[in-house]
Amino acid sequence: MTTAVERKRRLTPRWRDYGRPRELVFRYLLLVFVLFITVGPLVWQLLSSLKGPTEDVFGSGASLFPHHPTLRAYKEVFAQVPVWTYIRNSLFVAVISIASQLIFSTMAGYMLSKPGWKGRKLVWVVLMASMMFPFESIMVSLFLSIRDMGLVDNLVGVWLPGFVGAINVLIMRAAFLAVPREIEDAAMLDGAGEWKRFRYLYLPSAYGAILVVTINTFISAWDDFLWPLIVLRTEDHFTLTLGLSRLSSSSFGYDQRMVMAGSVISVIPVLVLFVITQRWFYRGVSSGAVKL
């Protein structure tokens with residue numbers, strides 16, 4: 001019979017539960033270094049955007065923290081460019097991209113996870129081969145196709161080349177392959193058809209992968225700059241990243257604080273999405289396995 005002291009000693013974390021002290025210090029130093037690399041530039045942009053007109057952003061005389069914080073740069077950005085129009089266009093492209101990616105990548109991943117049909121290996125090889133070519137090598141042919149369809153200077157033309165991605169198909173395929181075959185056989189014995197098995201068995205088990213596809217698609221569509229630059233012509237159709245890039249042109253005087261403010265504005269929706277979905281994201285990953 002264990003005493004209260006023994007139970008407390010058993011529940012109290014000890015150094016050997018986490019590794020040696022030197023290893024623990026190295027882990028924390030590595031995490032701080034990674035945090036500095038990933039979050040440091042964003043914090044620097046935020047602090048620079050809050051500086052007054054007399055404070056330097058670059059150079060030897062520039063300081064990290066603003067001496068007289070002000071939102072003047074943000075007010076100037078909204079006053080000189082139609083930010084809300086850019087945001088609406090970016091949201092439109094992101095929403096339809098997420099919808100098409102979820103529809104086609106889940107169905108394609110489901111079919112690739114099913115053995116026994118002819119051409120499965122060929123489709124798998126084609127998907128893997130398509131990931132070997134960078135976008136820059138095919139953007140000319142893509143633009144010619146978009147032009148022939150009359151979608152130049154159209155948001156649909158921005159969305160169409162990325163309506164489904166090979167990497168998302170592979171992510172969904174890997175998630176569906178984790179479903180035990182025995183559970184599907186039991187569902188078939190109960191009379192569940194192909195659609196019911198896909199809807200009520202496979203999709204709930206791939207909840208974490210679906211969230212990964214959603215977040216990756218949103219970030220990719222929101223941050224895309226090169227393809228909208230090629231396709232779009234008029235300012236009313238510009239996406240946020242393309243529209244805010246005009247702040248660095250000479251027509252706006254190239255105010256460094258405005259450029260920093262525009263960068264912060266463009267990254268805020270991504271941060272908001274992560275903060276809102278992180279709880280469901282990690283819960284979906286942990287509950288994605290099918291329990292027997």
# chains A, B, ... in the order shown; residues from 1 in each chain; ligands from 1
>>> residues_around(residues="Met258 in chain A", least_positions_apart="5", cutoff="10 Å", atoms="only C-alpha atoms", output="ChimeraX atom specification")
/A:48-50,72-78,244,247-248,252-253,263-264
>>> write_last_selection(atoms="N, CA and C atoms", output="short mmCIF file (atom, residue, chain, number, x, y, z; two decimals), in the first residue's frame")
data_model
loop_
_atom_site.label_atom_id
_atom_site.label_comp_id
_atom_site.auth_asym_id
_atom_site.auth_seq_id
_atom_site.Cartn_x
_atom_site.Cartn_y
_atom_site.Cartn_z
N SER A 48 7.88 48.83 -36.49
CA SER A 48 8.27 49.84 -37.46
C SER A 48 7.06 50.60 -38.00
N SER A 49 5.94 49.91 -38.16
CA SER A 49 4.74 50.57 -38.67
C SER A 49 4.16 51.56 -37.67
N LEU A 50 4.52 51.43 -36.41
CA LEU A 50 4.00 52.33 -35.38
C LEU A 50 4.90 53.54 -35.13
N ARG A 72 -0.60 56.50 -37.63
CA ARG A 72 -0.67 57.34 -38.83
C ARG A 72 -0.46 56.53 -40.10
N ALA A 73 0.48 55.59 -40.07
CA ALA A 73 0.77 54.80 -41.27
C ALA A 73 -0.45 53.99 -41.70
N TYR A 74 -1.16 53.41 -40.74
CA TYR A 74 -2.35 52.62 -41.08
C TYR A 74 -3.45 53.50 -41.65
N LYS A 75 -3.62 54.69 -41.08
CA LYS A 75 -4.62 55.62 -41.61
C LYS A 75 -4.29 56.04 -43.04
N GLU A 76 -2.99 56.24 -43.31
CA GLU A 76 -2.58 56.63 -44.65
C GLU A 76 -2.80 55.49 -45.65
N VAL A 77 -2.58 54.26 -45.22
CA VAL A 77 -2.80 53.12 -46.11
C VAL A 77 -4.26 53.03 -46.53
N PHE A 78 -5.17 53.12 -45.56
CA PHE A 78 -6.59 53.04 -45.88
C PHE A 78 -7.07 54.26 -46.65
N LEU A 244 -1.49 46.00 -52.12
CA LEU A 244 -0.61 46.67 -51.14
C LEU A 244 0.81 46.80 -51.65
N LEU A 247 2.16 50.26 -52.59
CA LEU A 247 2.67 51.21 -51.60
C LEU A 247 4.17 51.43 -51.72
N SER A 248 4.88 50.49 -52.31
CA SER A 248 6.32 50.63 -52.48
C SER A 248 6.70 51.37 -53.75
N PHE A 252 3.45 56.84 -54.39
CA PHE A 252 3.03 57.05 -53.01
C PHE A 252 4.17 57.58 -52.14
N GLY A 253 5.27 57.96 -52.78
CA GLY A 253 6.38 58.52 -52.03
C GLY A 253 7.23 57.51 -51.30
N SER A 263 2.14 45.41 -44.84
CA SER A 263 2.54 44.03 -44.58
C SER A 263 1.82 43.46 -43.36
N VAL A 264 1.69 44.27 -42.31
CA VAL A 264 0.99 43.82 -41.11
C VAL A 264 -0.49 43.58 -41.42
#
>>> residues_around(residues="Phe163 in chain A", least_positions_apart="6", cutoff="6 Å", atoms="only C-alpha atoms", output="list in words")
Ser97, Ser100 and Gln101 of chain A
>>> select_by_dssp(residues="range 19-130 of chain A", states="alpha helix (DSSP H)", output="MDAnalysis selection string")
chainID A and resid 21:49 72:80 83:112 120:130
>>> write_last_selection(atoms="C-alpha atoms", output="mmCIF file, in the first residue's frame")
data_model
loop_
_atom_site.group_PDB
_atom_site.id
_atom_site.type_symbol
_atom_site.label_atom_id
_atom_site.label_comp_id
_atom_site.auth_asym_id
_atom_site.auth_seq_id
_atom_site.Cartn_x
_atom_site.Cartn_y
_atom_site.Cartn_z
ATOM 1 C CA PRO A 21 19.575 19.368 -17.677
ATOM 2 C CA ARG A 22 21.951 20.130 -20.545
ATOM 3 C CA GLU A 23 19.569 18.573 -23.047
ATOM 4 C CA LEU A 24 16.665 20.549 -21.580
ATOM 5 C CA VAL A 25 18.598 23.825 -21.820
ATOM 6 C CA PHE A 26 19.555 23.026 -25.422
ATOM 7 C CA ARG A 27 15.925 22.357 -26.317
ATOM 8 C CA TYR A 28 14.768 25.659 -24.877
ATOM 9 C CA LEU A 29 17.572 27.559 -26.605
ATOM 10 C CA LEU A 30 16.644 25.914 -29.895
ATOM 11 C CA LEU A 31 12.972 26.817 -29.413
ATOM 12 C CA VAL A 32 13.881 30.431 -28.605
ATOM 13 C CA PHE A 33 16.063 30.584 -31.720
ATOM 14 C CA VAL A 34 13.295 29.220 -33.946
ATOM 15 C CA LEU A 35 10.799 31.624 -32.346
ATOM 16 C CA PHE A 36 13.152 34.538 -33.001
ATOM 17 C CA ILE A 37 13.506 33.593 -36.671
ATOM 18 C CA THR A 38 9.783 33.037 -37.310
ATOM 19 C CA VAL A 39 8.154 35.711 -35.153
ATOM 20 C CA GLY A 40 10.983 38.265 -35.066
ATOM 21 C CA PRO A 41 10.391 39.753 -38.561
ATOM 22 C CA LEU A 42 6.665 40.151 -37.888
ATOM 23 C CA VAL A 43 7.299 41.913 -34.576
ATOM 24 C CA TRP A 44 9.853 44.178 -36.249
ATOM 25 C CA GLN A 45 7.360 45.105 -38.995
ATOM 26 C CA LEU A 46 4.680 45.862 -36.407
ATOM 27 C CA LEU A 47 6.987 48.078 -34.345
ATOM 28 C CA SER A 48 8.273 49.844 -37.463
ATOM 29 C CA SER A 49 4.741 50.573 -38.671
ATOM 30 C CA ARG A 72 -0.673 57.341 -38.830
ATOM 31 C CA ALA A 73 0.771 54.802 -41.267
ATOM 32 C CA TYR A 74 -2.346 52.617 -41.082
ATOM 33 C CA LYS A 75 -4.621 55.622 -41.608
ATOM 34 C CA GLU A 76 -2.578 56.625 -44.646
ATOM 35 C CA VAL A 77 -2.796 53.120 -46.113
ATOM 36 C CA PHE A 78 -6.588 53.040 -45.876
ATOM 37 C CA ALA A 79 -6.783 56.589 -47.212
ATOM 38 C CA GLN A 80 -4.592 56.086 -50.283
ATOM 39 C CA VAL A 83 -7.896 48.166 -48.864
ATOM 40 C CA TRP A 84 -11.433 46.854 -48.304
ATOM 41 C CA THR A 85 -11.814 46.134 -52.017
ATOM 42 C CA TYR A 86 -8.550 44.205 -51.975
ATOM 43 C CA ILE A 87 -9.665 42.240 -48.912
ATOM 44 C CA ARG A 88 -12.987 41.367 -50.540
ATOM 45 C CA ASN A 89 -11.244 40.092 -53.670
ATOM 46 C CA SER A 90 -8.744 38.035 -51.667
ATOM 47 C CA LEU A 91 -11.515 36.526 -49.560
ATOM 48 C CA PHE A 92 -13.440 35.581 -52.694
ATOM 49 C CA VAL A 93 -10.439 33.772 -54.166
ATOM 50 C CA ALA A 94 -9.612 32.107 -50.833
ATOM 51 C CA VAL A 95 -13.174 30.898 -50.185
ATOM 52 C CA ILE A 96 -13.714 29.347 -53.612
ATOM 53 C CA SER A 97 -10.219 27.838 -53.468
ATOM 54 C CA ILE A 98 -10.998 26.189 -50.133
ATOM 55 C CA ALA A 99 -14.326 24.883 -51.447
ATOM 56 C CA SER A 100 -12.836 23.381 -54.600
ATOM 57 C CA GLN A 101 -9.821 21.961 -52.776
ATOM 58 C CA LEU A 102 -11.974 20.245 -50.165
ATOM 59 C CA ILE A 103 -14.405 18.818 -52.715
ATOM 60 C CA PHE A 104 -11.910 17.509 -55.251
ATOM 61 C CA SER A 105 -9.005 16.595 -52.954
ATOM 62 C CA THR A 106 -11.217 14.554 -50.601
ATOM 63 C CA MET A 107 -12.880 12.675 -53.449
ATOM 64 C CA ALA A 108 -9.595 12.116 -55.300
ATOM 65 C CA GLY A 109 -7.827 11.061 -52.106
ATOM 66 C CA TYR A 110 -10.650 8.659 -51.320
ATOM 67 C CA MET A 111 -10.437 7.035 -54.756
ATOM 68 C CA LEU A 112 -6.648 6.732 -54.551
ATOM 69 C CA ARG A 120 -4.597 3.738 -59.882
ATOM 70 C CA LYS A 121 -0.819 3.507 -60.055
ATOM 71 C CA LEU A 122 -0.706 5.652 -63.192
ATOM 72 C CA VAL A 123 -2.708 8.419 -61.504
ATOM 73 C CA TRP A 124 -0.410 8.174 -58.490
ATOM 74 C CA VAL A 125 2.678 8.547 -60.699
ATOM 75 C CA VAL A 126 1.168 11.523 -62.540
ATOM 76 C CA LEU A 127 0.368 13.276 -59.247
ATOM 77 C CA MET A 128 3.871 12.719 -57.922
ATOM 78 C CA ALA A 129 5.410 13.885 -61.204
ATOM 79 C CA SER A 130 3.309 17.062 -61.234
#
>>> closest_residue(among="A:Lys51, A:Val213, A:Leu64, A:Gly243", to="Ile167 in chain A", atoms="only C-alpha atoms")
A:Val213
>>> atom_distance(atom1="CA of Asn154 in chain A", atom2="CA of Leu242 in chain A")
13.9 Å
>>> residues_around(residues="Ser145 in chain A", least_positions_apart="6", cutoff="12 Å", atoms="only C-alpha atoms", output="list in words")
Ile138, Met139, Leu151, Val152, Gly157, Leu160, Pro161 and Val231 of chain A
